[in-house]
file data23.txt (compact mmCIF, C-alpha atoms and all ligand atoms)
# COMPACT_ATOMS: atom_id res chain seq x y z
CA MET L 77 0.00 0.00 0.00
CA GLN L 78 1.40 3.38 -0.99
CA ILE L 79 0.93 6.22 1.50
CA LYS L 80 0.68 9.70 0.08
CA LEU L 81 0.68 12.82 2.26
CA GLU L 82 -0.40 16.03 0.56
CA HIS L 83 0.18 19.37 2.29
CA LEU L 84 -0.38 17.64 5.63
CA THR L 85 -0.58 20.16 8.47
CA LYS L 86 -1.30 19.97 12.18
CA ARG L 87 -1.70 22.92 14.50
CA PHE L 88 -2.03 22.84 18.29
CA GLY L 89 -3.07 26.43 19.11
CA ASP L 90 -0.14 28.56 17.95
CA THR L 91 2.21 25.59 17.49
CA VAL L 92 2.51 24.24 13.97
CA ALA L 93 3.56 20.68 14.78
CA VAL L 94 3.51 19.52 11.14
CA ASN L 95 3.82 22.11 8.42
CA ASP L 96 2.68 21.46 4.84
CA LEU L 97 4.23 17.99 4.58
CA SER L 98 3.99 16.41 1.13
CA ILE L 99 5.64 13.03 0.52
CA THR L 100 4.92 9.67 -1.06
CA LEU L 101 5.89 6.56 0.89
CA GLU L 102 6.22 3.66 -1.54
CA SER L 103 4.49 0.34 -1.07
CA GLY L 104 6.29 -2.46 0.80
CA ARG L 105 9.03 -0.21 2.12
CA LEU L 106 10.20 0.47 5.65
CA ILE L 107 10.25 4.22 6.13
CA ALA L 108 11.77 5.98 9.14
CA LEU L 109 10.38 9.30 10.33
CA LEU L 110 13.51 10.84 11.84
CA GLY L 111 14.29 14.07 13.65
CA PRO L 112 14.98 15.61 17.05
CA SER L 113 12.47 15.69 19.88
CA GLY L 114 9.45 17.84 19.05
CA CYS L 115 9.97 17.88 15.27
CA GLY L 116 6.53 16.38 14.59
CA LYS L 117 7.26 12.66 14.05
CA THR L 118 4.60 11.29 16.38
CA THR L 119 2.07 13.87 15.23
CA THR L 120 2.64 12.79 11.62
CA LEU L 121 2.27 9.11 12.54
CA ASN L 122 -0.89 9.82 14.52
CA MET L 123 -2.44 11.59 11.55
CA ILE L 124 -1.55 8.64 9.29
CA SER L 125 -3.21 6.29 11.80
CA GLY L 126 -6.23 8.52 12.28
CA ILE L 127 -5.71 8.95 16.02
CA LEU L 128 -5.33 12.69 15.39
CA PRO L 129 -7.49 14.70 12.99
CA VAL L 130 -5.55 16.81 10.47
CA SER L 131 -5.67 20.62 10.47
CA GLY L 132 -5.12 20.67 6.72
CA GLY L 133 -4.05 18.53 3.79
CA SER L 134 -4.87 14.98 2.79
CA ILE L 135 -3.77 11.39 3.33
CA PHE L 136 -4.15 8.73 0.64
CA PHE L 137 -3.64 4.98 0.95
CA ASP L 138 -3.14 4.11 -2.72
CA ASP L 139 -6.02 6.00 -4.35
CA ARG L 140 -8.26 5.91 -1.28
CA ASP L 141 -8.60 9.22 0.56
CA VAL L 142 -8.47 8.19 4.24
CA THR L 143 -8.08 11.70 5.66
CA ASN L 144 -11.40 11.63 7.49
CA LEU L 145 -11.70 7.91 8.21
CA PRO L 146 -11.49 6.67 11.83
CA PRO L 147 -8.44 4.47 12.66
CA GLU L 148 -10.41 1.19 12.56
CA LYS L 149 -11.46 1.83 8.96
CA ARG L 150 -7.94 2.50 7.67
CA GLY L 151 -6.49 -1.02 7.71
CA ILE L 152 -3.54 -0.18 9.94
CA GLY L 153 -1.63 -2.01 12.67
CA LEU L 154 -0.18 0.09 15.46
CA VAL L 155 2.72 -0.56 17.82
CA PHE L 156 3.38 1.91 20.61
CA GLN L 157 6.48 2.69 22.62
CA ASN L 158 5.01 1.05 25.75
CA TYR L 159 3.54 -1.91 23.75
CA ALA L 160 0.07 -1.37 25.35
CA LEU L 161 -0.59 -5.12 25.73
CA TYR L 162 -3.67 -6.20 27.67
CA PRO L 163 -2.18 -7.29 31.02
CA HIS L 164 -4.97 -9.68 32.05
CA MET L 165 -4.88 -11.63 28.76
CA THR L 166 -2.41 -14.32 27.72
CA VAL L 167 -0.12 -13.76 24.75
CA LEU L 168 -2.44 -15.86 22.58
CA GLN L 169 -5.49 -13.84 23.68
CA ASN L 170 -3.65 -10.58 23.04
CA ILE L 171 -2.82 -11.61 19.47
CA CYS L 172 -6.36 -12.91 18.87
CA PHE L 173 -8.18 -9.90 20.29
CA PRO L 174 -8.19 -7.68 17.16
CA MET L 175 -9.43 -10.67 15.13
CA GLU L 176 -12.23 -11.23 17.65
CA ILE L 177 -13.40 -7.68 17.04
CA GLN L 178 -13.31 -8.41 13.31
CA ARG L 179 -15.45 -11.51 14.06
CA ILE L 180 -13.03 -13.91 12.49
CA PRO L 181 -14.03 -17.49 13.47
CA LYS L 182 -12.17 -18.91 16.46
CA LYS L 183 -10.39 -21.68 14.57
CA GLU L 184 -9.03 -19.25 12.02
CA ARG L 185 -8.02 -16.80 14.79
CA ILE L 186 -5.95 -19.43 16.53
CA ARG L 187 -4.42 -20.65 13.28
CA ARG L 188 -3.33 -17.12 12.34
CA ALA L 189 -2.11 -16.33 15.86
CA GLU L 190 0.06 -19.45 15.88
CA GLU L 191 1.46 -18.58 12.48
CA LEU L 192 2.32 -15.05 13.63
CA ALA L 193 3.80 -16.34 16.89
CA GLU L 194 6.05 -18.54 14.78
CA MET L 195 7.08 -15.58 12.64
CA VAL L 196 7.99 -13.34 15.58
CA HIS L 197 9.52 -16.24 17.55
CA ILE L 198 7.24 -16.28 20.60
CA THR L 199 5.60 -19.71 20.22
CA PRO L 200 6.85 -20.98 23.63
CA TYR L 201 5.17 -18.08 25.45
CA LEU L 202 1.63 -18.20 24.09
CA LYS L 203 0.12 -19.12 27.46
CA ARG L 204 1.99 -16.48 29.48
CA LYS L 205 0.73 -13.08 30.57
CA PRO L 206 2.64 -9.97 29.37
CA ALA L 207 4.14 -9.37 32.85
CA GLU L 208 5.89 -12.74 32.56
CA LEU L 209 7.77 -11.68 29.43
CA SER L 210 10.94 -9.65 28.83
CA GLY L 211 10.73 -6.26 27.09
CA GLY L 212 11.88 -7.74 23.78
CA GLN L 213 9.30 -10.55 24.00
CA GLN L 214 6.53 -8.06 24.79
CA GLN L 215 7.60 -6.06 21.75
CA ARG L 216 7.30 -9.16 19.56
CA VAL L 217 3.79 -9.82 20.94
CA ALA L 218 2.80 -6.21 20.18
CA ILE L 219 4.01 -6.62 16.59
CA ALA L 220 2.18 -9.96 16.19
CA ARG L 221 -0.98 -8.38 17.56
CA ALA L 222 -0.66 -5.42 15.18
CA LEU L 223 -0.23 -7.79 12.22
CA SER L 224 -3.09 -10.11 13.19
CA LYS L 225 -5.74 -8.05 11.40
CA ARG L 226 -3.65 -8.32 8.23
CA PRO L 227 -3.29 -4.56 7.98
CA ASP L 228 -2.07 -2.83 4.81
CA VAL L 229 0.14 -0.51 6.81
CA LEU L 230 2.16 -1.04 9.99
CA LEU L 231 2.90 2.02 12.13
CA LEU L 232 5.49 1.90 14.92
CA ASP L 233 6.15 4.77 17.32
CA GLU L 234 9.64 4.58 18.90
CA PRO L 235 9.13 0.82 19.34
CA LEU L 236 12.62 0.15 20.69
CA SER L 237 13.13 2.99 23.13
CA ASN L 238 12.22 0.92 26.22
CA LEU L 239 14.82 -1.75 25.49
CA ASP L 240 18.45 -1.85 26.57
CA ALA L 241 21.14 -1.10 23.99
CA LYS L 242 21.96 -4.68 23.03
CA LEU L 243 18.34 -5.77 22.72
CA ARG L 244 17.57 -2.66 20.72
CA VAL L 245 20.05 -3.67 18.05
CA GLU L 246 18.70 -7.24 18.03
CA MET L 247 15.08 -6.13 17.84
CA ARG L 248 15.67 -3.64 15.05
CA GLU L 249 17.05 -6.48 12.93
CA GLU L 250 14.02 -8.53 13.92
CA ILE L 251 11.62 -5.78 12.91
CA ARG L 252 13.40 -5.58 9.58
CA ARG L 253 13.08 -9.34 9.07
CA ILE L 254 9.41 -9.42 10.09
CA GLN L 255 8.61 -6.43 7.87
CA ARG L 256 10.28 -8.11 4.88
CA GLU L 257 8.50 -11.41 5.52
CA ALA L 258 5.15 -9.67 5.85
CA GLY L 259 5.97 -7.39 2.88
CA ILE L 260 4.03 -4.61 4.55
CA THR L 261 4.46 -0.85 4.15
CA THR L 262 5.86 0.22 7.52
CA VAL L 263 6.39 3.64 9.06
CA PHE L 264 8.78 3.74 11.97
CA VAL L 265 9.26 6.77 14.23
CA THR L 266 12.69 7.29 15.78
CA HIS L 267 14.97 10.10 16.92
CA ASP L 268 18.01 7.83 16.60
CA GLN L 269 19.84 8.35 13.31
CA GLU L 270 21.76 5.09 13.64
CA GLU L 271 18.56 3.14 14.19
CA ALA L 272 16.92 4.80 11.18
CA SER L 273 19.98 4.24 8.99
CA SER L 274 20.34 0.61 9.96
CA ILE L 275 16.84 -0.55 9.05
CA ALA L 276 14.98 1.92 6.86
CA ASP L 277 14.72 1.80 3.06
CA ARG L 278 13.92 5.50 3.09
CA VAL L 279 14.42 8.16 5.75
CA VAL L 280 12.15 11.18 6.11
CA LEU L 281 14.03 13.87 8.03
CA LEU L 282 11.90 16.47 9.83
CA ARG L 283 12.77 19.66 11.68
CA ASP L 284 10.25 21.91 13.42
CA GLY L 285 7.44 20.19 11.56
CA VAL L 286 9.04 20.87 8.17
CA LEU L 287 10.35 18.20 5.78
CA GLN L 288 14.10 18.63 5.27
CA GLN L 289 14.94 15.67 3.06
CA GLU L 290 13.61 12.28 2.00
CA ASP L 291 16.15 9.77 0.73
CA THR L 292 17.95 6.54 1.54
CA ALA L 293 20.11 6.77 4.65
CA ARG L 294 23.17 6.67 2.41
CA GLY L 295 21.76 9.42 0.22
CA LEU L 296 21.18 11.62 3.25
CA TYR L 297 24.68 10.95 4.54
CA GLU L 298 26.46 11.52 1.25
CA ASN L 299 24.31 14.26 -0.15
CA PRO L 300 22.68 16.32 2.62
CA VAL L 301 20.58 19.25 1.38
CA ASN L 302 21.45 21.52 4.29
CA LEU L 303 23.63 21.86 7.37
CA PHE L 304 20.92 20.42 9.64
CA ALA L 305 20.79 17.19 7.59
CA ALA L 306 24.61 16.99 7.40
CA ASP L 307 24.80 17.42 11.17
CA PHE L 308 21.95 15.06 12.08
CA LEU L 309 23.38 11.97 10.37
CA GLY L 310 26.74 10.38 11.09
CA THR L 311 28.91 9.20 13.97
CA PRO L 312 31.12 10.95 14.94
CA PRO L 313 29.14 14.06 14.04
CA ILE L 314 30.34 15.99 11.00
CA ASN L 315 33.16 18.51 11.68
CA GLN L 316 32.13 22.13 11.27
CA LEU L 317 34.62 24.93 10.58
CA HIS L 318 33.34 28.47 10.37
CA GLY L 319 34.93 30.92 8.00
CA VAL L 320 34.43 33.88 5.74
CA VAL L 321 35.04 34.60 2.05
CA GLN L 322 37.95 37.05 1.65
CA ASN L 323 39.37 38.00 -1.75
CA GLY L 324 37.55 35.06 -3.28
CA ARG L 325 39.06 32.57 -0.83
CA LEU L 326 37.84 30.89 2.32
CA VAL L 327 39.54 32.00 5.52
CA LEU L 328 38.64 29.90 8.54
CA ASP L 329 38.13 31.36 12.01
CA GLY L 330 41.53 31.96 13.60
CA GLY L 331 42.78 33.46 10.31
CA ILE L 332 43.58 30.08 8.80
CA PRO L 333 43.51 30.12 4.99
CA ALA L 334 41.78 27.13 3.42
CA ALA L 335 43.01 26.02 0.00
CA LEU L 336 39.64 25.04 -1.38
CA ALA L 337 38.03 25.75 -4.74
CA LEU L 338 34.95 27.79 -3.92
CA PRO L 339 31.83 27.61 -6.07
CA ASP L 340 30.95 30.65 -8.18
CA GLY L 341 28.66 33.29 -6.86
CA LEU L 342 29.86 33.59 -3.26
CA ALA L 343 29.93 37.20 -2.08
CA GLU L 344 32.90 38.84 -0.40
CA GLY L 345 32.44 38.68 3.38
CA GLN L 346 29.95 35.83 3.18
CA GLU L 347 29.96 33.60 6.26
CA ILE L 348 30.43 29.93 5.48
CA VAL L 349 30.52 26.62 7.31
CA LEU L 350 32.96 24.08 5.91
CA ALA L 351 31.59 20.68 7.00
CA VAL L 352 33.84 17.64 6.75
CA ARG L 353 33.14 13.99 7.64
CA ALA L 354 35.82 12.43 9.86
CA GLU L 355 36.71 9.90 7.14
CA SER L 356 37.19 12.69 4.60
CA ILE L 357 40.18 14.17 6.40
CA LEU L 358 43.48 13.10 4.81
CA PRO L 359 46.38 13.32 7.26
CA GLN L 360 48.94 12.98 4.48
CA SER L 361 48.16 14.87 1.31
CA ASP L 362 50.15 16.49 -1.49
CA THR L 363 47.55 19.21 -1.61
CA PRO L 364 46.75 20.11 2.01
CA ALA L 365 43.68 22.28 2.58
CA PHE L 366 44.53 23.83 5.95
CA ARG L 367 46.86 23.43 8.89
CA THR L 368 45.94 21.93 12.24
CA THR L 369 47.58 20.89 15.50
CA VAL L 370 47.19 17.33 16.78
CA LEU L 371 45.51 17.26 20.20
CA GLU L 372 44.96 13.59 20.94
CA ARG L 373 44.54 10.19 19.32
CA TYR L 374 42.36 7.26 20.30
CA SER L 375 42.46 3.71 19.03
CA LEU L 376 39.36 2.28 17.38
CA GLY L 377 41.04 -1.00 16.45
CA LYS L 378 41.87 -0.84 12.74
CA ASP L 379 41.71 2.95 12.61
CA GLU L 380 42.45 5.73 15.01
CA LEU L 381 40.48 8.81 15.77
CA VAL L 382 42.59 11.97 15.95
CA ARG L 383 41.38 15.16 17.53
CA LEU L 384 42.75 18.19 15.73
CA GLN L 385 42.67 21.91 16.43
CA ALA L 386 42.25 24.47 13.67
CA GLY L 387 42.01 27.94 15.19
CA PRO L 388 39.05 27.90 17.60
CA ALA L 389 37.58 24.78 15.97
CA GLU L 390 38.19 21.21 17.00
CA LEU L 391 37.76 18.42 14.52
CA ARG L 392 37.93 14.67 14.43
CA GLY L 393 39.60 12.64 11.73
CA LEU L 394 39.92 8.91 11.07
CA VAL L 395 43.50 7.91 10.31
CA PRO L 396 45.26 4.56 9.81
CA ALA L 397 46.64 3.19 13.09
CA GLU L 398 50.19 2.87 11.71
CA LEU L 399 50.45 6.59 10.96
CA GLU L 400 53.00 8.26 13.26
CA ILE L 401 51.53 11.50 14.51
CA LEU L 402 51.98 12.70 18.05
CA PRO L 403 49.95 15.14 20.11
CA GLY L 404 51.38 18.64 19.72
CA ALA L 405 52.53 18.07 16.14
CA GLU L 406 51.54 20.36 13.30
CA LEU L 407 49.51 18.59 10.65
CA ALA L 408 48.43 20.04 7.33
CA VAL L 409 45.38 18.05 6.28
CA GLY L 410 43.93 17.40 2.86
CA LEU L 411 40.26 16.77 2.12
CA LYS L 412 38.64 14.06 0.08
CA LYS L 413 36.06 15.07 -2.51
CA ARG L 414 33.36 12.98 -0.83
CA GLY L 415 32.01 14.06 2.53
CA VAL L 416 33.05 17.70 2.23
CA PHE L 417 30.37 20.39 2.01
CA LEU L 418 30.01 24.16 2.17
CA PHE L 419 26.97 25.74 3.77
CA ASP L 420 25.76 29.28 4.28
CA ALA L 421 26.42 29.94 7.98
CA LYS L 422 23.17 31.88 8.44
CA THR L 423 20.65 29.83 6.47
CA GLY L 424 22.33 26.40 6.39
CA VAL L 425 21.75 26.29 2.62
CA ARG L 426 24.29 24.15 0.80
CA TYR L 427 26.67 25.67 -1.77
CA LEU L 428 28.94 22.70 -2.45
P1 LIG G 501 9.38 13.24 20.48
O1 LIG G 501 10.51 12.52 19.80
O2 LIG G 501 9.81 14.04 21.66
O3 LIG G 501 8.18 12.36 20.73
P2 LIG G 501 8.11 14.28 18.08
O4 LIG G 501 9.03 14.59 16.97
O5 LIG G 501 7.35 13.01 18.00
O6 LIG G 501 8.91 14.38 19.44
P3 LIG G 501 5.56 15.55 18.37
O7 LIG G 501 5.19 14.77 19.58
O8 LIG G 501 4.93 15.19 17.09
O9 LIG G 501 7.14 15.52 18.18
O10 LIG G 501 5.33 17.09 18.68
C1 LIG G 501 5.51 18.12 17.74
C2 LIG G 501 5.17 19.47 18.36
O11 LIG G 501 3.80 19.54 18.64
C3 LIG G 501 5.89 19.75 19.66
O12 LIG G 501 6.23 21.11 19.70
C4 LIG G 501 4.87 19.40 20.71
O13 LIG G 501 5.08 20.15 21.87
C5 LIG G 501 3.58 19.78 20.02
N1 LIG G 501 2.45 18.94 20.46
C6 LIG G 501 2.33 17.59 20.27
N2 LIG G 501 1.15 17.15 20.76
C7 LIG G 501 0.51 18.21 21.28
C8 LIG G 501 -0.76 18.41 21.93
N3 LIG G 501 -1.60 17.39 22.11
N4 LIG G 501 -1.07 19.65 22.32
C9 LIG G 501 -0.23 20.68 22.11
N5 LIG G 501 0.97 20.59 21.50
C10 LIG G 501 1.34 19.37 21.09
call {"tool": "encode", "arguments": {"input": "data23.txt", "output": "structure tokens"}}
result
Amino acid sequence: MQIKLEHLTKRFGDTVAVNDLSITLESGRLIALLGPSGCGKTTTLNMISGILPVSGGSIFFDDRDVTNLPPEKRGIGLVFQNYALYPHMTVLQNICFPMEIQRIPKKERIRRAEELAEMVHITPYLKRKPAELSGGQQQRVAIARALSKRPDVLLLDEPLSNLDAKLRVEMREEIRRIQREAGITTVFVTHDQEEASSIADRVVLLRDGVLQQEDTARGLYENPVNLFAADFLGTPPINQLHGVVQNGRLVLDGGIPAALALPDGLAEGQEIVLAVRAESILPQSDTPAFRTTVLERYSLGKDELVRLQAGPAELRGLVPAELEILPGAELAVGLKKRGVFLFDAKTGVRYL
């Protein structure tokens, strides 16, 4: 099922939680709604599910306009952060409950529930109550229950945030597997860029209710449209060096000249942010871009992370472990072509 949002808007009094959002989420994909706290992810999901009425715009499931349909008429399965399982029911009863409401015959209910339990790997626990399960097992039950009505769309709101770090990684792989097996269009809300990047086919990046970019995680990482997108994705975070255009050249804060070909059309005095991924810093280059001082180095196994100082800015670079550079040394660094961007310091708009 394809989900199409057209000029979707939600206002709470003076707050515009979602602002004129237009995107198409393709059928059978896993799509992450990503962004910092308060950017409108949950509000968007709740409008897709029908829990929240829209203030403006439309929602289509394929060609069907569902904008004003109640949740139960939309053909969706929902999984919440706290799972919201029925505590007094067994796992089997929890999974069967939505089918009971749909008046599916008992035999068929149990057959489907057992099939789903198999798929999400909870068959041994069908007779237990939710309180007798671990967080990860409860999450699997919540997913099985959401899928039991055979929805066209699965909506998950921060489904992994109550799990510890190790289980979170395991469960995100599980969600990916289950989603692929079920072949269901899935929208997944998260504020964690690593989580979004690791499982989503497409990432929808929001800020203050406004769509910033919609792409694959790799596309967002390698080709961010603005400074916010460049900064939001990547570990360690992208290095940012502020500077100004002087005599057609970039001079970084601290008076450090940067040997960098600037794009046409930059005005004299224009304030710029040079953003560089850690892996795009070349510690040994025939054409260095600017000089730095080595502050510290840390081993990451195969590579090392070096902390460098360039004027008032600190940056991190990934260097081969065998490279001999000591704290205190001067280091003129080069830049790769990939992972190096120029943004307008005021607007965040990308120039290069
Ligand atoms: P988080 O990751 O913290 O859950 P989010 O990206 O999901 O954040 P939303 O919960 O969608 O963000 O909230 C978006 C904006 O709308 C926020 O400024 C929030 O304060 C506001 N908001 C959300 N729900 C309501 C409400 N019921 N009444 C008033 N304002 C609301």
call {"tool": "residues_around", "arguments": {"input": "data23.txt", "residues": "Val409 of chain L", "least_positions_apart": "6", "cutoff": "10 Å", "atoms": "all atoms listed in the file", "output": "PDB file with C-alpha atoms, keeping the file's coordinate frame"}}
result
ATOM      1  CA  SER L 356      37.190  12.690   4.600  1.00  0.00           C
ATOM      2  CA  ILE L 357      40.180  14.170   6.400  1.00  0.00           C
ATOM      3  CA  LEU L 358      43.480  13.100   4.810  1.00  0.00           C
ATOM      4  CA  PRO L 359      46.380  13.320   7.260  1.00  0.00           C
ATOM      5  CA  GLN L 360      48.940  12.980   4.480  1.00  0.00           C
ATOM      6  CA  SER L 361      48.160  14.870   1.310  1.00  0.00           C
ATOM      7  CA  ASP L 362      50.150  16.490  -1.490  1.00  0.00           C
ATOM      8  CA  THR L 363      47.550  19.210  -1.610  1.00  0.00           C
ATOM      9  CA  PRO L 364      46.750  20.110   2.010  1.00  0.00           C
ATOM     10  CA  ALA L 365      43.680  22.280   2.580  1.00  0.00           C
ATOM     11  CA  PHE L 366      44.530  23.830   5.950  1.00  0.00           C
ATOM     12  CA  ARG L 367      46.860  23.430   8.890  1.00  0.00           C
ATOM     13  CA  THR L 368      45.940  21.930  12.240  1.00  0.00           C
ATOM     14  CA  THR L 369      47.580  20.890  15.500  1.00  0.00           C
ATOM     15  CA  LEU L 384      42.750  18.190  15.730  1.00  0.00           C
ATOM     16  CA  GLY L 393      39.600  12.640  11.730  1.00  0.00           C
TER      17      GLY L 393
END
call {"tool": "residues_near_ligand", "arguments": {"input": "data23.txt", "ligand": "ligand LIG 501 (chain G)", "cutoff": "6 Å", "atoms": "only C-alpha atoms and all ligand atoms", "output": "number ranges by chain"}}
result
L: 88, 93, 113-119, 267
call {"tool": "residues_around", "arguments": {"input": "data23.txt", "residues": "segment 328-330 of chain L", "least_positions_apart": "5", "cutoff": "10 Å", "atoms": "all atoms listed in the file", "output": "mmCIF file with C-alpha atoms, keeping the file's coordinate frame"}}
result
data_model
loop_
_atom_site.group_PDB
_atom_site.id
_atom_site.type_symbol
_atom_site.label_atom_id
_atom_site.label_comp_id
_atom_site.auth_asym_id
_atom_site.auth_seq_id
_atom_site.Cartn_x
_atom_site.Cartn_y
_atom_site.Cartn_z
ATOM 1 C CA LEU L 317 34.620 24.930 10.580
ATOM 2 C CA HIS L 318 33.340 28.470 10.370
ATOM 3 C CA GLY L 319 34.930 30.920 8.000
ATOM 4 C CA VAL L 320 34.430 33.880 5.740
ATOM 5 C CA VAL L 321 35.040 34.600 2.050
ATOM 6 C CA GLN L 322 37.950 37.050 1.650
ATOM 7 C CA GLU L 347 29.960 33.600 6.260
ATOM 8 C CA ILE L 348 30.430 29.930 5.480
ATOM 9 C CA VAL L 349 30.520 26.620 7.310
ATOM 10 C CA LEU L 350 32.960 24.080 5.910
ATOM 11 C CA PHE L 366 44.530 23.830 5.950
ATOM 12 C CA ALA L 386 42.250 24.470 13.670
ATOM 13 C CA GLY L 387 42.010 27.940 15.190
ATOM 14 C CA PRO L 388 39.050 27.900 17.600
ATOM 15 C CA ALA L 389 37.580 24.780 15.970
#
call {"tool": "closest_residue", "arguments": {"input": "data23.txt", "among": "L:Glu191, L:Glu102, L:Val94, L:Pro129", "to": "Met77 of chain L", "atoms": "only C-alpha atoms"}}
result
L:Glu102
call {"tool": "residues_around", "arguments": {"input": "data23.txt", "residues": "Ser273 of chain L", "least_positions_apart": "3", "cutoff": "12 Å", "atoms": "only C-alpha atoms", "output": "number ranges by chain"}}
result
L: 106-110, 248-249, 252, 264, 266-270, 276-281, 291-297, 308-311
call {"tool": "closest_residue", "arguments": {"input": "data23.txt", "among": "L:Ile314, L:Ala258, L:Ala354, L:Leu342", "to": "Arg105 of chain L", "atoms": "all atoms listed in the file"}}
result
L:Ala258
call {"tool": "residues_around", "arguments": {"input": "data23.txt", "residues": "Asp379 of chain L", "least_positions_apart": "6", "cutoff": "6 Å", "atoms": "only C-alpha atoms", "output": "list in words"}}
result
Val395, Pro396 and Ala397 of chain L
call {"tool": "residues_near_point", "arguments": {"input": "data23.txt", "point": "(30.0, 22.6, -4.8)", "cutoff": "12 Å", "atoms": "all atoms listed in the file", "output": "PyMOL selection string"}}
result
chain L and resi 299+301+336-342+350+413-419+425-428
call {"tool": "atom_distance", "arguments": {"input": "data23.txt", "atom1": "atom CA of Lys242 of chain L", "atom2": "atom CA of Glu208 of chain L"}}
result
20.3 Å
call {"tool": "closest_residue", "arguments": {"input": "data23.txt", "among": "L:Asp240, L:Asp139, L:Gly104, L:Glu82", "to": "Ile260 of chain L", "atoms": "all atoms listed in the file"}}
result
L:Gly104
call {"tool": "closest_residue", "arguments": {"input": "data23.txt", "among": "L:Lys203, L:Arg216, L:Arg244, L:Arg221", "to": "His164 of chain L", "atoms": "only C-alpha atoms"}}
result
L:Lys203
call {"tool": "atom_distance", "arguments": {"input": "data23.txt", "atom1": "atom CA of Arg187 of chain L", "atom2": "atom CA of Pro227 of chain L"}}
result
17.0 Å
call {"tool": "closest_residue", "arguments": {"input": "data23.txt", "among": "L:Arg373, L:Lys225, L:Arg353, L:Arg283", "to": "Lys412 of chain L", "atoms": "all atoms listed in the file"}}
result
L:Arg353
call {"tool": "closest_residue", "arguments": {"input": "data23.txt", "among": "L:Val352, L:Ile180, L:Ala335, L:Leu239", "to": "Pro300 of chain L", "atoms": "all atoms listed in the file"}}
result
L:Val352
call {"tool": "atom_distance", "arguments": {"input": "data23.txt", "atom1": "atom CA of Thr261 of chain L", "atom2": "atom CA of Leu202 of chain L"}}
result
26.6 Å
call {"tool": "residues_around", "arguments": {"input": "data23.txt", "residues": "Lys80 of chain L", "least_positions_apart": "6", "cutoff": "12 Å", "atoms": "all atoms listed in the file", "output": "number ranges by chain"}}
result
L: 97-103, 124, 133-143, 261
call {"tool": "axis_aligned_box", "arguments": {"input": "data23.txt", "around": "segment 289-297 of chain L", "padding_each_side": "3 Å", "output": "AutoDock Vina command-line options"}}
result
--center_x 19.1 --center_y 11.1 --center_z 2.4 --size_x 17.1 --size_y 15.1 --size_z 10.4
